[in-house]
$ cat upload.csv   # CSV, C-alpha atoms
chain,number,residue,atom,x,y,z
A,1,MET,CA,44.1,-66.4,-17.3
A,2,SER,CA,43.1,-69.5,-15.5
A,3,LEU,CA,39.4,-69.6,-14.9
A,4,THR,CA,38.5,-71.0,-11.5
A,5,THR,CA,35.6,-73.4,-10.9
A,6,PRO,CA,32.7,-71.1,-9.9
A,7,THR,CA,30.8,-71.7,-6.7
A,8,LEU,CA,27.1,-71.9,-6.5
A,9,ASP,CA,27.1,-68.2,-5.4
A,10,ASP,CA,29.2,-67.2,-8.4
A,11,ARG,CA,27.2,-69.2,-11.0
A,12,HIS,CA,23.9,-67.6,-10.1
A,13,ALA,CA,25.1,-64.2,-8.8
A,14,GLU,CA,24.5,-62.4,-12.0
A,15,GLY,CA,23.2,-62.9,-15.5
A,16,ASP,CA,19.9,-62.8,-17.3
A,17,GLY,CA,18.2,-65.7,-15.5
A,18,ALA,CA,14.6,-64.7,-16.2
A,19,ARG,CA,15.2,-64.7,-19.9
A,20,LEU,CA,17.3,-67.8,-20.1
A,21,GLY,CA,15.6,-69.9,-17.4
A,22,THR,CA,18.9,-70.6,-15.7
A,23,ALA,CA,17.9,-69.9,-12.1
A,24,PRO,CA,18.5,-72.9,-9.9
A,25,PRO,CA,15.7,-74.7,-8.1
A,26,GLY,CA,15.4,-74.3,-4.3
A,27,PRO,CA,16.8,-71.6,-2.1
A,28,ARG,CA,19.4,-69.2,-3.5
A,29,PRO,CA,22.3,-67.7,-1.6
A,30,GLY,CA,21.9,-64.0,-0.9
A,31,ALA,CA,19.2,-61.8,0.4
A,32,ALA,CA,15.6,-60.8,-0.6
A,33,VAL,CA,14.8,-57.1,-0.3
A,34,ARG,CA,11.4,-55.6,-0.7
A,35,TYR,CA,11.1,-53.7,-3.9
A,36,PRO,CA,10.1,-50.4,-2.3
A,37,GLU,CA,13.0,-50.7,0.1
A,38,LEU,CA,15.4,-51.2,-2.8
A,39,LEU,CA,14.0,-48.2,-4.6
A,40,ARG,CA,14.3,-46.1,-1.4
A,41,PHE,CA,17.9,-46.9,-1.0
A,42,THR,CA,18.9,-46.5,-4.6
A,43,ALA,CA,17.1,-43.2,-4.9
A,44,GLU,CA,18.8,-41.9,-1.8
A,45,VAL,CA,22.2,-42.8,-3.3
A,46,PHE,CA,21.5,-40.9,-6.4
A,47,ALA,CA,20.3,-37.9,-4.3
A,48,THR,CA,23.7,-37.9,-2.6
A,49,ARG,CA,25.1,-37.1,-6.1
A,50,GLY,CA,22.8,-34.1,-6.5
A,51,LEU,CA,19.9,-35.5,-8.4
A,52,PRO,CA,16.5,-33.9,-7.4
A,53,ALA,CA,14.2,-36.3,-5.6
A,54,ALA,CA,11.8,-37.0,-8.4
A,55,ARG,CA,14.6,-37.7,-10.9
A,56,ALA,CA,16.5,-39.8,-8.4
A,57,ARG,CA,13.4,-41.9,-7.9
A,58,THR,CA,12.9,-42.4,-11.7
A,59,ALA,CA,16.6,-43.3,-12.0
A,60,ALA,CA,16.3,-45.8,-9.2
A,61,GLU,CA,13.2,-47.4,-10.9
A,62,ALA,CA,15.1,-47.7,-14.2
A,63,LEU,CA,18.2,-49.3,-12.5
A,64,CYS,CA,16.3,-51.7,-10.2
A,65,TYR,CA,14.2,-52.8,-13.2
A,66,GLY,CA,17.1,-55.0,-14.2
A,67,ASP,CA,17.1,-56.8,-10.8
A,68,LEU,CA,13.3,-57.0,-10.6
A,69,THR,CA,13.1,-58.7,-14.0
A,70,GLY,CA,16.1,-60.9,-13.8
A,71,LEU,CA,18.3,-58.8,-16.2
A,72,THR,CA,20.8,-58.3,-13.5
A,73,SER,CA,23.7,-57.6,-15.8
A,74,HIS,CA,22.0,-54.2,-16.3
A,75,GLY,CA,20.8,-53.7,-12.8
A,76,LEU,CA,22.3,-52.6,-9.5
A,77,VAL,CA,25.6,-54.2,-10.4
A,78,ASN,CA,26.1,-51.0,-12.5
A,79,LEU,CA,25.4,-48.5,-9.7
A,80,THR,CA,29.0,-48.4,-8.4
A,81,ARG,CA,30.7,-49.5,-11.6
A,82,LEU,CA,29.0,-47.2,-14.1
A,83,TYR,CA,26.5,-44.6,-12.9
A,84,LEU,CA,28.2,-43.2,-9.8
A,85,PRO,CA,31.5,-42.8,-11.7
A,86,LEU,CA,29.7,-41.0,-14.5
A,87,LEU,CA,28.4,-38.5,-12.0
A,88,ASP,CA,31.6,-38.3,-9.9
A,89,GLU,CA,33.7,-37.7,-13.0
A,90,GLY,CA,31.4,-35.0,-14.3
A,91,ARG,CA,30.5,-37.0,-17.5
A,92,ALA,CA,26.9,-36.9,-16.4
A,93,ASP,CA,25.4,-33.7,-14.9
A,94,PRO,CA,22.9,-34.3,-12.1
A,95,ALA,CA,21.4,-30.8,-12.6
A,96,ALA,CA,21.2,-30.9,-16.4
A,97,GLU,CA,18.0,-29.6,-18.0
A,98,PRO,CA,17.4,-31.1,-21.5
A,99,GLU,CA,17.0,-28.4,-24.1
A,100,VAL,CA,14.4,-28.5,-26.9
A,101,LEU,CA,16.2,-27.7,-30.1
A,102,ALA,CA,13.3,-28.2,-32.5
A,103,ASP,CA,9.6,-28.9,-31.9
A,104,ARG,CA,7.4,-29.9,-34.9
A,105,GLY,CA,4.5,-31.3,-33.0
A,106,ALA,CA,4.8,-35.0,-33.6
A,107,ALA,CA,8.6,-34.7,-33.8
A,108,VAL,CA,10.9,-33.2,-31.2
A,109,LEU,CA,14.7,-32.8,-31.1
A,110,LEU,CA,16.3,-32.7,-27.7
A,111,ASP,CA,19.8,-32.1,-26.3
A,112,ASP,CA,20.0,-34.0,-23.0
A,113,ARG,CA,23.1,-31.9,-22.1
A,114,ARG,CA,24.7,-34.9,-20.2
A,115,ALA,CA,21.6,-35.5,-18.0
A,116,LEU,CA,21.7,-39.0,-16.4
A,117,GLY,CA,20.1,-41.2,-18.9
A,118,LEU,CA,18.3,-43.3,-16.3
A,119,TRP,CA,15.8,-40.5,-15.8
A,120,ALA,CA,16.2,-38.5,-19.0
A,121,ALA,CA,15.3,-41.4,-21.3
A,122,PRO,CA,12.0,-42.2,-19.5
A,123,ALA,CA,11.2,-38.5,-19.8
A,124,ALA,CA,11.8,-38.6,-23.5
A,125,MET,CA,9.6,-41.6,-23.9
A,126,ASP,CA,6.9,-40.0,-21.9
A,127,LEU,CA,7.1,-37.0,-24.2
A,128,ALA,CA,6.8,-39.3,-27.2
A,129,VAL,CA,3.7,-40.9,-25.7
A,130,GLU,CA,2.2,-37.5,-25.0
A,131,ARG,CA,2.7,-36.4,-28.6
A,132,ALA,CA,1.4,-39.8,-29.8
A,133,GLU,CA,-1.8,-39.1,-27.9
A,134,ARG,CA,-2.2,-35.9,-29.9
A,135,PHE,CA,-0.9,-36.9,-33.3
A,136,GLY,CA,-1.0,-40.7,-33.4
A,137,VAL,CA,2.8,-40.8,-33.5
A,138,GLY,CA,5.4,-39.2,-31.2
A,139,LEU,CA,9.1,-39.1,-32.2
A,140,VAL,CA,11.7,-37.7,-29.8
A,141,SER,CA,15.3,-37.6,-31.2
A,142,VAL,CA,18.0,-37.0,-28.6
A,143,ARG,CA,21.6,-36.0,-28.6
A,144,GLY,CA,24.0,-35.3,-25.8
A,145,ALA,CA,22.8,-38.3,-23.7
A,146,THR,CA,24.5,-40.6,-21.2
A,147,HIS,CA,24.1,-44.3,-20.5
A,148,LEU,CA,20.4,-45.1,-20.1
A,149,GLY,CA,20.3,-48.6,-18.7
A,150,CYS,CA,17.7,-51.2,-19.8
A,151,ALA,CA,16.1,-50.0,-23.0
A,152,GLY,CA,13.1,-52.2,-22.2
A,153,PHE,CA,12.3,-50.1,-19.1
A,154,HIS,CA,11.7,-47.1,-21.3
A,155,THR,CA,9.7,-48.8,-24.1
A,156,LEU,CA,7.6,-50.5,-21.4
A,157,ARG,CA,6.3,-47.1,-20.3
A,158,ALA,CA,4.7,-46.7,-23.7
A,159,ALA,CA,3.2,-50.3,-23.7
A,160,ARG,CA,1.7,-49.7,-20.3
A,161,ARG,CA,-0.2,-46.7,-21.8
A,162,GLY,CA,-1.6,-48.8,-24.6
A,163,MET,CA,1.0,-47.9,-27.2
A,164,ILE,CA,3.8,-49.4,-29.2
A,165,GLY,CA,7.2,-48.0,-28.0
A,166,LEU,CA,10.6,-48.2,-29.8
A,167,LEU,CA,13.9,-47.0,-28.5
A,168,ALA,CA,17.2,-47.2,-30.4
A,169,ALA,CA,20.4,-45.9,-28.8
A,170,ASN,CA,23.9,-45.9,-30.0
A,171,CYS,CA,26.9,-45.9,-27.7
A,172,GLY,CA,28.2,-42.4,-28.6
A,173,ARG,CA,31.8,-42.7,-29.7
A,174,GLN,CA,32.5,-46.0,-27.8
A,175,ARG,CA,33.7,-48.6,-30.3
A,176,ILE,CA,33.8,-52.2,-29.3
A,177,ALA,CA,32.7,-54.2,-32.4
A,178,ARG,CA,34.3,-54.3,-35.9
A,179,PRO,CA,32.5,-54.4,-39.2
A,180,PRO,CA,32.6,-57.9,-40.6
A,181,GLY,CA,36.0,-58.2,-42.3
A,182,GLY,CA,37.3,-55.0,-40.7
A,183,ARG,CA,40.5,-54.5,-38.7
A,184,VAL,CA,39.4,-51.7,-36.3
A,185,THR,CA,36.4,-51.3,-34.0
A,186,MET,CA,33.7,-49.0,-35.3
A,187,LEU,CA,30.4,-49.5,-33.3
A,188,GLY,CA,29.0,-50.1,-29.9
A,189,THR,CA,26.5,-52.7,-28.7
A,190,ASN,CA,23.8,-50.3,-30.1
A,191,PRO,CA,20.7,-51.6,-28.2
A,192,LEU,CA,17.2,-51.8,-29.7
A,193,SER,CA,14.0,-52.2,-27.8
A,194,VAL,CA,10.4,-52.5,-29.0
A,195,ALA,CA,7.4,-53.0,-26.6
A,196,ALA,CA,3.7,-53.4,-27.1
A,197,PRO,CA,0.6,-54.3,-25.1
A,198,ALA,CA,-0.1,-58.0,-25.3
A,199,GLY,CA,-3.8,-57.6,-24.7
A,200,GLY,CA,-5.9,-58.9,-21.9
A,201,ARG,CA,-4.0,-59.6,-18.7
A,202,LEU,CA,-0.9,-60.8,-20.5
A,203,HIS,CA,2.5,-59.3,-19.8
A,204,PRO,CA,3.5,-56.8,-22.4
A,205,PHE,CA,5.8,-57.8,-25.2
A,206,VAL,CA,9.2,-56.3,-24.5
A,207,LEU,CA,12.1,-57.0,-26.8
A,208,ASP,CA,15.3,-55.5,-25.4
A,209,MET,CA,18.5,-56.6,-27.3
A,210,SER,CA,22.0,-55.6,-28.2
A,211,THR,CA,22.8,-55.8,-31.8
A,212,THR,CA,26.1,-57.5,-30.8
A,213,ALA,CA,26.0,-61.1,-29.8
A,214,VAL,CA,25.7,-60.0,-26.1
A,215,PRO,CA,25.9,-56.7,-24.2
A,216,THR,CA,29.1,-55.9,-22.4
A,217,GLY,CA,27.4,-56.5,-19.1
A,218,ARG,CA,27.0,-60.2,-19.8
A,219,VAL,CA,30.7,-60.5,-20.6
A,220,ARG,CA,31.7,-58.7,-17.4
A,221,ALA,CA,29.3,-60.7,-15.3
A,222,ALA,CA,31.0,-63.9,-16.6
A,223,ALA,CA,34.4,-62.4,-15.8
A,224,ARG,CA,33.3,-61.6,-12.2
A,225,ALA,CA,32.0,-65.1,-11.8
A,226,GLY,CA,35.1,-66.7,-13.2
A,227,GLN,CA,33.2,-68.4,-16.0
A,228,PRO,CA,34.3,-68.8,-19.6
A,229,VAL,CA,32.0,-67.5,-22.3
A,230,PRO,CA,30.8,-69.4,-25.3
A,231,ALA,CA,32.6,-69.1,-28.6
A,232,GLY,CA,30.8,-66.6,-30.7
A,233,TRP,CA,30.8,-63.8,-28.2
A,234,LEU,CA,34.3,-62.5,-28.5
A,235,ALA,CA,37.2,-62.6,-30.9
A,236,ASP,CA,40.9,-61.6,-30.7
A,237,GLN,CA,42.9,-59.4,-33.0
A,238,GLN,CA,43.1,-62.0,-35.7
A,239,GLY,CA,39.4,-63.0,-35.4
A,240,ALA,CA,40.0,-66.2,-33.5
A,241,PRO,CA,37.3,-67.1,-30.8
A,242,VAL,CA,38.0,-66.0,-27.3
A,243,THR,CA,36.3,-67.6,-24.3
A,244,ASP,CA,38.1,-65.7,-21.5
A,245,PRO,CA,35.7,-62.8,-20.7
A,246,ALA,CA,38.4,-60.8,-18.9
A,247,ALA,CA,40.1,-60.4,-22.3
A,248,PHE,CA,37.5,-57.9,-23.2
A,249,ASP,CA,38.4,-55.3,-20.5
A,250,ARG,CA,42.1,-56.1,-21.1
A,251,GLY,CA,41.6,-54.9,-24.6
A,252,ASP,CA,42.6,-58.3,-26.0
A,253,ALA,CA,39.1,-59.1,-27.5
A,254,HIS,CA,36.2,-57.4,-29.2
A,255,LEU,CA,32.5,-58.2,-29.3
A,256,LEU,CA,31.1,-60.1,-32.3
A,257,TRP,CA,27.8,-59.2,-33.9
A,258,LEU,CA,24.5,-61.0,-33.4
A,259,GLY,CA,24.9,-64.0,-35.6
A,260,GLY,CA,28.6,-64.5,-34.8
A,261,GLU,CA,30.5,-65.1,-38.0
A,262,PRO,CA,29.5,-63.8,-41.5
A,263,GLN,CA,28.5,-67.3,-42.5
A,264,THR,CA,26.1,-67.6,-39.6
A,265,GLY,CA,24.4,-64.2,-39.8
A,266,ALA,CA,26.8,-61.5,-38.5
A,267,TYR,CA,25.8,-59.2,-41.3
A,268,LYS,CA,22.3,-59.1,-39.9
A,269,GLY,CA,23.5,-58.0,-36.5
A,270,TYR,CA,25.9,-55.6,-38.1
A,271,GLY,CA,23.1,-54.2,-40.2
A,272,LEU,CA,20.8,-53.8,-37.2
A,273,GLY,CA,23.7,-52.0,-35.4
A,274,LEU,CA,23.9,-49.5,-38.3
A,275,VAL,CA,20.1,-49.1,-38.2
A,276,VAL,CA,20.4,-48.1,-34.6
A,277,GLU,CA,23.3,-45.7,-35.4
A,278,VAL,CA,21.2,-44.0,-38.1
A,279,LEU,CA,17.9,-43.8,-36.0
A,280,GLY,CA,19.6,-43.0,-32.7
A,281,ALA,CA,22.6,-40.9,-33.5
A,282,LEU,CA,22.7,-39.7,-37.1
A,283,LEU,CA,19.1,-38.3,-36.9
A,284,ALA,CA,19.8,-36.5,-33.7
A,285,GLY,CA,23.3,-35.3,-34.6
A,286,ALA,CA,24.9,-37.1,-31.7
A,287,GLY,CA,28.4,-38.7,-31.5
A,288,LEU,CA,29.0,-41.5,-34.0
A,289,GLY,CA,31.0,-44.6,-33.7
A,290,PRO,CA,32.1,-44.7,-37.4
A,291,GLU,CA,33.8,-41.3,-37.4
A,292,PRO,CA,37.3,-40.7,-39.1
A,293,ALA,CA,38.9,-40.9,-35.6
A,294,ALA,CA,37.9,-44.6,-35.5
A,295,LEU,CA,40.2,-45.3,-38.4
A,296,THR,CA,43.3,-44.7,-36.2
A,297,GLY,CA,42.4,-47.5,-33.9
A,298,ASP,CA,44.5,-50.6,-33.5
A,299,GLY,CA,41.7,-53.1,-33.4
A,300,ARG,CA,41.0,-52.9,-29.7
A,301,PRO,CA,38.0,-51.2,-28.1
A,302,SER,CA,38.3,-47.5,-28.2
A,303,GLY,CA,36.5,-44.2,-27.4
A,304,ARG,CA,34.0,-43.4,-24.7
A,305,ASP,CA,30.2,-43.6,-24.5
A,306,ASP,CA,29.8,-39.8,-24.4
A,307,ASP,CA,27.3,-37.9,-26.5
A,308,ILE,CA,25.0,-40.9,-26.9
A,309,GLY,CA,22.1,-40.5,-29.4
A,310,TYR,CA,18.8,-42.2,-29.1
A,311,LEU,CA,15.3,-42.3,-30.6
A,312,ALA,CA,12.2,-42.6,-28.5
A,313,LEU,CA,9.2,-43.4,-30.6
A,314,ALA,CA,5.6,-44.0,-29.6
A,315,ILE,CA,2.7,-45.2,-31.8
A,316,ALA,CA,-0.9,-45.0,-30.7
A,317,PRO,CA,-2.7,-48.0,-32.4
A,318,GLY,CA,-6.1,-46.4,-31.8
A,319,THR,CA,-5.3,-43.7,-34.3
A,320,VAL,CA,-5.2,-46.1,-37.3
A,321,ARG,CA,-7.6,-48.8,-36.2
A,322,ASP,CA,-10.1,-49.6,-33.5
A,323,GLY,CA,-8.3,-49.8,-30.2
A,324,ALA,CA,-10.4,-52.6,-28.8
A,325,GLU,CA,-9.8,-54.7,-31.9
A,326,PHE,CA,-6.1,-54.1,-31.6
A,327,ALA,CA,-6.1,-55.3,-28.0
A,328,ALA,CA,-8.1,-58.4,-28.9
A,329,GLN,CA,-5.9,-59.3,-31.7
A,330,ALA,CA,-2.8,-58.7,-29.6
A,331,ALA,CA,-4.2,-61.1,-27.0
A,332,GLY,CA,-4.7,-63.7,-29.7
A,333,LEU,CA,-1.2,-63.2,-31.0
A,334,PHE,CA,0.7,-63.5,-27.7
A,335,GLY,CA,-1.8,-66.0,-26.1
A,336,THR,CA,-1.3,-68.3,-29.1
A,337,LEU,CA,2.4,-68.2,-28.6
A,338,LEU,CA,2.0,-69.2,-24.9
A,339,ASP,CA,-0.2,-72.1,-26.0
A,340,CYS,CA,2.4,-73.5,-28.4
A,341,PRO,CA,3.3,-77.1,-27.4
A,342,PRO,CA,6.8,-77.1,-25.9
A,343,ILE,CA,9.5,-79.6,-26.7
A,344,ASP,CA,10.3,-79.8,-22.9
A,345,PRO,CA,7.2,-79.3,-20.7
A,346,ALA,CA,9.5,-77.8,-18.0
A,347,ARG,CA,10.4,-75.0,-20.4
A,348,PRO,CA,7.1,-73.6,-21.8
A,349,VAL,CA,7.1,-71.3,-24.9
A,350,GLY,CA,7.0,-67.6,-24.1
A,351,TYR,CA,7.8,-64.3,-25.8
A,352,PRO,CA,10.1,-61.4,-25.0
A,353,GLY,CA,8.8,-59.8,-21.8
A,354,HIS,CA,6.8,-62.7,-20.5
A,355,PRO,CA,9.4,-64.4,-18.4
A,356,GLU,CA,10.6,-61.1,-17.1
A,357,GLY,CA,7.0,-60.1,-16.2
A,358,GLU,CA,6.5,-63.4,-14.4
A,359,LEU,CA,9.6,-63.0,-12.4
A,360,ALA,CA,8.8,-59.4,-11.6
A,361,GLU,CA,5.4,-60.4,-10.2
A,362,ARG,CA,7.0,-63.0,-7.9
A,363,GLN,CA,9.7,-60.6,-6.7
A,364,LEU,CA,7.2,-57.8,-6.0
A,365,ILE,CA,5.6,-60.3,-3.6
A,366,GLY,CA,8.6,-62.2,-2.2
A,367,GLY,CA,11.3,-59.6,-2.5
A,368,VAL,CA,14.0,-58.9,-5.1
A,369,HIS,CA,16.8,-61.4,-4.9
A,370,LEU,CA,20.3,-59.9,-4.5
A,371,SER,CA,23.5,-62.1,-4.6
A,372,PRO,CA,25.7,-62.1,-1.4
A,373,ALA,CA,28.3,-60.0,-3.3
A,374,ARG,CA,25.7,-57.4,-4.4
A,375,PHE,CA,24.1,-57.1,-1.0
A,376,ARG,CA,27.5,-56.6,0.7
A,377,GLU,CA,28.4,-54.0,-1.9
A,378,LEU,CA,25.2,-52.0,-1.3
A,379,THR,CA,25.8,-52.3,2.4
A,380,GLU,CA,29.3,-50.9,2.1
A,381,LEU,CA,28.0,-48.1,-0.2
A,382,ALA,CA,25.4,-47.2,2.4
A,383,GLY,CA,28.2,-46.7,5.0
A,384,ALA,CA,30.2,-44.6,2.6
A,385,CYS,CA,27.2,-42.4,1.8
A,386,GLY,CA,25.9,-42.2,5.4
A,387,LEU,CA,22.7,-43.9,4.5
A,388,THR,CA,20.6,-46.8,6.0
A,389,PRO,CA,21.4,-49.9,3.9
A,390,PRO,CA,18.7,-51.9,2.2
A,391,ARG,CA,17.0,-54.1,4.8
A,392,PRO,CA,16.6,-57.7,3.8
A,393,ILE,CA,13.5,-59.6,4.6
A,394,GLY,CA,14.0,-61.3,8.0
A,395,ALA,CA,16.6,-60.6,10.6
A,396,ALA,CA,18.1,-64.1,10.1
A,397,ALA,CA,18.7,-63.3,6.4
A,398,ALA,CA,20.5,-60.1,7.3
A,399,GLU,CA,22.8,-61.8,9.7
A,400,GLU,CA,23.6,-64.6,7.2
A,401,VAL,CA,24.4,-62.4,4.3
A,402,THR,CA,26.6,-59.9,6.2
A,403,ALA,CA,28.4,-62.5,8.2

$ encode --input "upload.csv" --output "structure tokens"
Amino acid sequence: MSLTTPTLDDRHAEGDGARLGTAPPGPRPGAAVRYPELLRFTAEVFATRGLPAARARTAAEALCYGDLTGLTSHGLVNLTRLYLPLLDEGRADPAAEPEVLADRGAAVLLDDRRALGLWAAPAAMDLAVERAERFGVGLVSVRGATHLGCAGFHTLRAARRGMIGLLAANCGRQRIARPPGGRVTMLGTNPLSVAAPAGGRLHPFVLDMSTTAVPTGRVRAAARAGQPVPAGWLADQQGAPVTDPAAFDRGDAHLLWLGGEPQTGAYKGYGLGLVVEVLGALLAGAGLGPEPAALTGDGRPSGRDDDIGYLALAIAPGTVRDGAEFAAQAAGLFGTLLDCPPIDPARPVGYPGHPEGELAERQLIGGVHLSPARFRELTELAGACGLTPPRPIGAAAAEEVTA
């Protein structure tokens, strides 16, 4: 594949700009849409697929969180590419009611029964928080789940209630990464998120990471933009580096682990991926990546992300120490990191969750930025669903983007 030179629109259309600090200075092409307007439209789309209003609203909040915080590879780009197909193909059930399989007070086992993960995972985290309020710790183990979007959206719910939240989710039986030295794919991206209050008025700490070098959304965003990816993200059948992101969806490349090669730390990413598999799926009895069926693979990505398992954990610090002292020490921890002298004054030191929180504050005031391609896609979707499309800020903006 010959990669074309990306335009300004392509280069900044998608990606994790808040985290990486890659947003260009000055005006950006596209449209700014008020956050409530974006939620209104997205919730209405989910409602057309049979989701009850409250659940459609929660699903919309979870999906729009990606665009609000700059993690656009996990935002509205996935509405037509992932979540509507899940519902339209029957792989996610809009009317599903998660079933309690075991309740031990501080620990609960649920079967999500193919409920849309964008609303079911927040519900599981809220249940974990509720149990942590009673027992100090709340553990909700879930099987039968579907794709749940940004893991950080869910753990942030715990942090905003003064707790530490953890979410570990496997990818069901989807296999896109090989064990170091292995010939066949065995595991998914297996995301892990931890969130905690940062004390004072600081943005909460929110770590949200795949245990592979990058999530698949980053690879696909590069493919849509016509950009090569760095060596260390993908490898071919023989283990040689691949920089053409489209090779992944062609089945000609697999994801590498966080750390890249064994000599640069791949076993750490692989080990973390297995930690997530144990906590998220093995505990719950969900679908596993490393099952005997995986051994029949040919080295290419295989399987589907059905029967996902995840763990939602909440810890109430006030049950083991004075809550006010915890908050004060947290403010000292994260405030000290922000005070660290930077090498480049234009790129101050932060921590996971801080740049996303800063961007979210700005976009809640000035509107959530959508690339021209994304805005056009949502406008076309509105027509197909018989809905009012999201209205950009300013009539001139609407005319410019839809022209």

$ closest_atom_pairs --input "upload.csv" --of "stretch 38-79 of chain A" --to "stretch 111-125 of chain A" --cutoff "6 Å" --atoms "all atoms listed in the file" --output "Markdown table"
| residue | atom | partner | partner_atom | distance |
| --- | --- | --- | --- | --- |
| A:Arg55 | CA | A:Trp119 | CA | 5.8 |
| A:Thr58 | CA | A:Trp119 | CA | 5.4 |
| A:Ala59 | CA | A:Leu118 | CA | 4.6 |
| A:Ala62 | CA | A:Leu118 | CA | 5.8 |

$ atom_distance --input "upload.csv" --atom1 "atom CA of A:Thr185" --atom2 "atom CA of A:Ala294"
7.0 Å

$ residues_around --input "upload.csv" --residues "A:Gly172" --least-positions-apart "2" --cutoff "10 Å" --atoms "only C-alpha atoms" --output "short mmCIF file (atom, residue, chain, number, x, y, z; two decimals) with C-alpha atoms, keeping the file's coordinate frame"
data_model
loop_
_atom_site.label_atom_id
_atom_site.label_comp_id
_atom_site.auth_asym_id
_atom_site.auth_seq_id
_atom_site.Cartn_x
_atom_site.Cartn_y
_atom_site.Cartn_z
CA ARG A 143 21.60 -36.00 -28.60
CA GLY A 144 24.00 -35.30 -25.80
CA ALA A 145 22.80 -38.30 -23.70
CA THR A 146 24.50 -40.60 -21.20
CA HIS A 147 24.10 -44.30 -20.50
CA ALA A 169 20.40 -45.90 -28.80
CA ASN A 170 23.90 -45.90 -30.00
CA GLN A 174 32.50 -46.00 -27.80
CA ARG A 175 33.70 -48.60 -30.30
CA LEU A 187 30.40 -49.50 -33.30
CA GLY A 188 29.00 -50.10 -29.90
CA ASN A 190 23.80 -50.30 -30.10
CA GLU A 277 23.30 -45.70 -35.40
CA GLY A 280 19.60 -43.00 -32.70
CA ALA A 281 22.60 -40.90 -33.50
CA ALA A 286 24.90 -37.10 -31.70
CA GLY A 287 28.40 -38.70 -31.50
CA LEU A 288 29.00 -41.50 -34.00
CA GLY A 289 31.00 -44.60 -33.70
CA PRO A 290 32.10 -44.70 -37.40
CA GLY A 303 36.50 -44.20 -27.40
CA ARG A 304 34.00 -43.40 -24.70
CA ASP A 305 30.20 -43.60 -24.50
CA ASP A 306 29.80 -39.80 -24.40
CA ASP A 307 27.30 -37.90 -26.50
CA ILE A 308 25.00 -40.90 -26.90
CA GLY A 309 22.10 -40.50 -29.40
CA TYR A 310 18.80 -42.20 -29.10
#

$ closest_residue --input "upload.csv" --among "A:Cys64, A:Ala222, A:Ala360, A:Ala284" --to "A:Ala107" --atoms "all atoms listed in the file"
A:Ala284

$ atom_distance --input "upload.csv" --atom1 "atom CA of A:Ser193" --atom2 "atom CA of A:Leu207"
5.3 Å

$ closest_atom_pairs --input "upload.csv" --of "stretch 63-134 of chain A" --to "stretch 376-385 of chain A" --cutoff "10 Å" --atoms "only C-alpha atoms" --output "Markdown table"
| residue | atom | partner | partner_atom | distance |
| --- | --- | --- | --- | --- |
| A:Leu76 | CA | A:Leu378 | CA | 8.7 |
| A:Val77 | CA | A:Glu377 | CA | 9.0 |
| A:Leu79 | CA | A:Leu378 | CA | 9.1 |
| A:Thr80 | CA | A:Leu381 | CA | 8.3 |

$ write_last_selection --input "upload.csv" --atoms "C-alpha atoms" --output "short mmCIF file (atom, residue, chain, number, x, y, z; two decimals), in the frame of the given file"
data_model
loop_
_atom_site.label_atom_id
_atom_site.label_comp_id
_atom_site.auth_asym_id
_atom_site.auth_seq_id
_atom_site.Cartn_x
_atom_site.Cartn_y
_atom_site.Cartn_z
CA LEU A 76 22.30 -52.60 -9.50
CA VAL A 77 25.60 -54.20 -10.40
CA LEU A 79 25.40 -48.50 -9.70
CA THR A 80 29.00 -48.40 -8.40
#

$ atom_distance --input "upload.csv" --atom1 "atom CA of A:Asp103" --atom2 "atom CA of A:Gly273"
27.3 Å

$ residues_around --input "upload.csv" --residues "A:Gly152" --least-positions-apart "6" --cutoff "12 Å" --atoms "all atoms listed in the file" --output "ChimeraX atom specification"
/A:62-63,65-66,69,71,74,118,121-122,125,158-160,164-169,191-196,204-210,312,352-353,356-357

$ residues_around --input "upload.csv" --residues "A:Ala328" --least-positions-apart "4" --cutoff "9 Å" --atoms "only C-alpha atoms" --output "PDB file with C-alpha atoms, in the frame of the given file"
ATOM      1  CA  ALA A 198      -0.100 -58.000 -25.300  1.00  0.00           C
ATOM      2  CA  GLY A 199      -3.800 -57.600 -24.700  1.00  0.00           C
ATOM      3  CA  GLY A 200      -5.900 -58.900 -21.900  1.00  0.00           C
ATOM      4  CA  GLY A 323      -8.300 -49.800 -30.200  1.00  0.00           C
ATOM      5  CA  ALA A 324     -10.400 -52.600 -28.800  1.00  0.00           C
ATOM      6  CA  GLY A 332      -4.700 -63.700 -29.700  1.00  0.00           C
ATOM      7  CA  LEU A 333      -1.200 -63.200 -31.000  1.00  0.00           C
TER       8      LEU A 333
END

$ residues_around --input "upload.csv" --residues "A:Thr243" --least-positions-apart "5" --cutoff "9 Å" --atoms "all atoms listed in the file" --output "list in words"
Gln227, Pro228, Val229, Pro230, Ala231, Gly232, Trp233, Leu234 and Ala235 of chain A

$ closest_residue --input "upload.csv" --among "A:Leu68, A:Leu39, A:Ile393, A:Leu127" --to "A:Gln363" --atoms "all atoms listed in the file"
A:Leu68

$ closest_residue --input "upload.csv" --among "A:Ala221, A:Leu364, A:Ala151, A:Met186" --to "A:Leu38" --atoms "only C-alpha atoms"
A:Leu364

$ residues_around --input "upload.csv" --residues "A:Ala95" --least-positions-apart "4" --cutoff "9 Å" --atoms "all atoms listed in the file" --output "PyMOL selection string"
chain A and resi 50-52+115

$ write_last_selection --input "upload.csv" --atoms "C-alpha atoms" --output "compact mmCIF listing (two decimals), in the frame of the given file"
# COMPACT_ATOMS: atom_id res chain seq x y z
CA GLY A 50 22.80 -34.10 -6.50
CA LEU A 51 19.90 -35.50 -8.40
CA PRO A 52 16.50 -33.90 -7.40
CA ALA A 115 21.60 -35.50 -18.00
